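Colleague: Sharing a structure here in structure tokens format.
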Amino acid sequence: MSATQGCRSLLGRRTVVAAVGAAGAAAALTACGGGSDGTKGSDTIEQPGTGGEKQGGAVLAATGDIPEGGGVVFAAQKVVVTQPKPGEFKAFSSTCTHQGCAVKDVSAGTITCPCHNSTFDAATGSPTGGPATQPLPARGITVEGDSIRLA
């Protein structure tokens with residue numbers, strides 16, 4: 001075998017090994033992405049046909065779907081809607097300000113993140129416990145009749 005043939009053979013093997021390694025790394029990163037375990041809490045509602053597109057004006061829920069003193073997490077829209085007082089509705093980002101996990105539970109006036117147990121006030125989004133020190137950003141909603149929509 002000549003030196004040229006040996007280099008071509010070696011180059012071909014290196015290319016194959018590099019391609020396989022890159023594909024494996026891409027698969028591993030894809031499996032690790034997302035930051036969610038894929039499970040939903042019992043208070044999470046996802047609307048059909050809302051695969052991440054802009055939801056300005058989309059109806060999230062009926063006012064009767066949001067419990068007083070509690071709330072509902074809308075995972076697809078990355079928003080949590082609360083009802084701190086009867087007839088008063090608030091909305092916040094559902095992404096925890098500590099490390100970006102999705103909040104999962106809203107009850108007794110508290111929004112809870114399951115990752116490190118950060119808690120937030122359901123009326124203001126302000127942190128009330130855990131490692132989070134920044135409030136959940138407010139999100140715009142409108143209440144029209146018995147419908148709650150993203151603004």
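By order in the structure tokens, chains are A, B, ...; within a chain, residues start at 1; ligands start at 1, following the order shown.
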With a distance cut-off of 8 Å and only C-alpha atoms, select the neighbouring residues of A:Ala102, excluding the residue or stretch itself and same-chain residues fewer than 4 positions from it, and output the selection as a ChimeraX atom specification.
Modeller: /A:36,75,78,94-96,113-114
Colleague: Suppose we keep C-alpha atoms; can you now write the selection as a PDB file, in the first residue's frame?
Modeller:
```
ATOM      1  CA  SER A  36     -38.421  19.229  32.301  1.00  0.00           C
ATOM      2  CA  ALA A  75     -47.366  24.681  30.359  1.00  0.00           C
ATOM      3  CA  LYS A  78     -45.450  29.160  29.954  1.00  0.00           C
ATOM      4  CA  SER A  94     -44.350  29.932  34.905  1.00  0.00           C
ATOM      5  CA  THR A  95     -40.536  29.832  34.681  1.00  0.00           C
ATOM      6  CA  CYS A  96     -38.941  29.917  38.136  1.00  0.00           C
ATOM      7  CA  CYS A 113     -41.489  25.321  42.041  1.00  0.00           C
ATOM      8  CA  PRO A 114     -40.741  21.616  42.531  1.00  0.00           C
TER       9      PRO A 114
END
```
Colleague: Using atom CA of A:Glu68 and atom CA of A:Val143 as the two end points, give the distance in Å to one decimal.
Modeller: 15.3 Å
Colleague: List the spatial neighbours of stretch 69-72 of chain A as a VMD selection string - criterion: any atom at most 6 Å away, only C-alpha atoms, same-chain residues fewer than 6 positions off excluded.
Modeller: chain A and resid 43 to 44 80 to 84 106 to 109
Colleague: Could you list, as a VMD selection string, every residue within 7 Å of A:Ser126, counting only C-alpha atoms and ignoring same-chain residues fewer than 3 positions away?
Modeller: chain A and resid 120 to 121 134 to 136
Colleague: Mind dumping the selected residues with N, CA and C atoms as a compact mmCIF listing (two decimals), in the first residue's frame?
Modeller:
```
# COMPACT_ATOMS: atom_id res chain seq x y z
N PHE A 120 -43.67 31.45 45.66
CA PHE A 120 -43.99 32.80 45.23
C PHE A 120 -45.41 33.15 45.65
N ASP A 121 -45.63 34.42 45.96
CA ASP A 121 -46.95 34.91 46.31
C ASP A 121 -47.84 34.89 45.06
N GLN A 134 -35.81 36.64 42.97
CA GLN A 134 -36.48 37.53 42.03
C GLN A 134 -37.93 37.10 41.85
N PRO A 135 -38.85 38.05 41.65
CA PRO A 135 -40.25 37.68 41.44
C PRO A 135 -40.47 37.05 40.07
N LEU A 136 -41.56 36.31 39.95
CA LEU A 136 -41.98 35.81 38.64
C LEU A 136 -42.44 37.01 37.82
```
Colleague: To one decimal place, how far is atom CA of A:Glu88 from atom CA of A:Lys104 in Å?
Modeller: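 Between atom CA of A:Glu88 and atom CA of A:Lys104 the gap is 20.7 Å.
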Colleague: Nearest to A:Cys115: which of A:Gly100, A:Thr128, A:Ala62, A:Pro137 is it, counting only C-alpha atoms?
Modeller: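 Among the listed residues, A:Gly100 lies closest to A:Cys115.
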Colleague: Where does DSSP see strand (DSSP E) in stretch 87-117 of chain A, if you list the residues as a list in words?
Modeller: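 The residues of stretch 87-117 of chain A classed as strand (DSSP E) are Glu88, Phe89, Lys90, Ala91, Phe92, Ser93, Asp105, Val106, Ser107, Thr110, Ile111 and Thr112 of chain A.
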Colleague: Choose the residue, out of A:Pro86, A:Gly57, A:Gly130, A:Gly125, that has the smallest atom-to-atom separation from A:Glu144; count only C-alpha atoms.
Modeller: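 Among A:Pro86, A:Gly57, A:Gly130, A:Gly125, it is A:Gly57 that comes nearest to A:Glu144.
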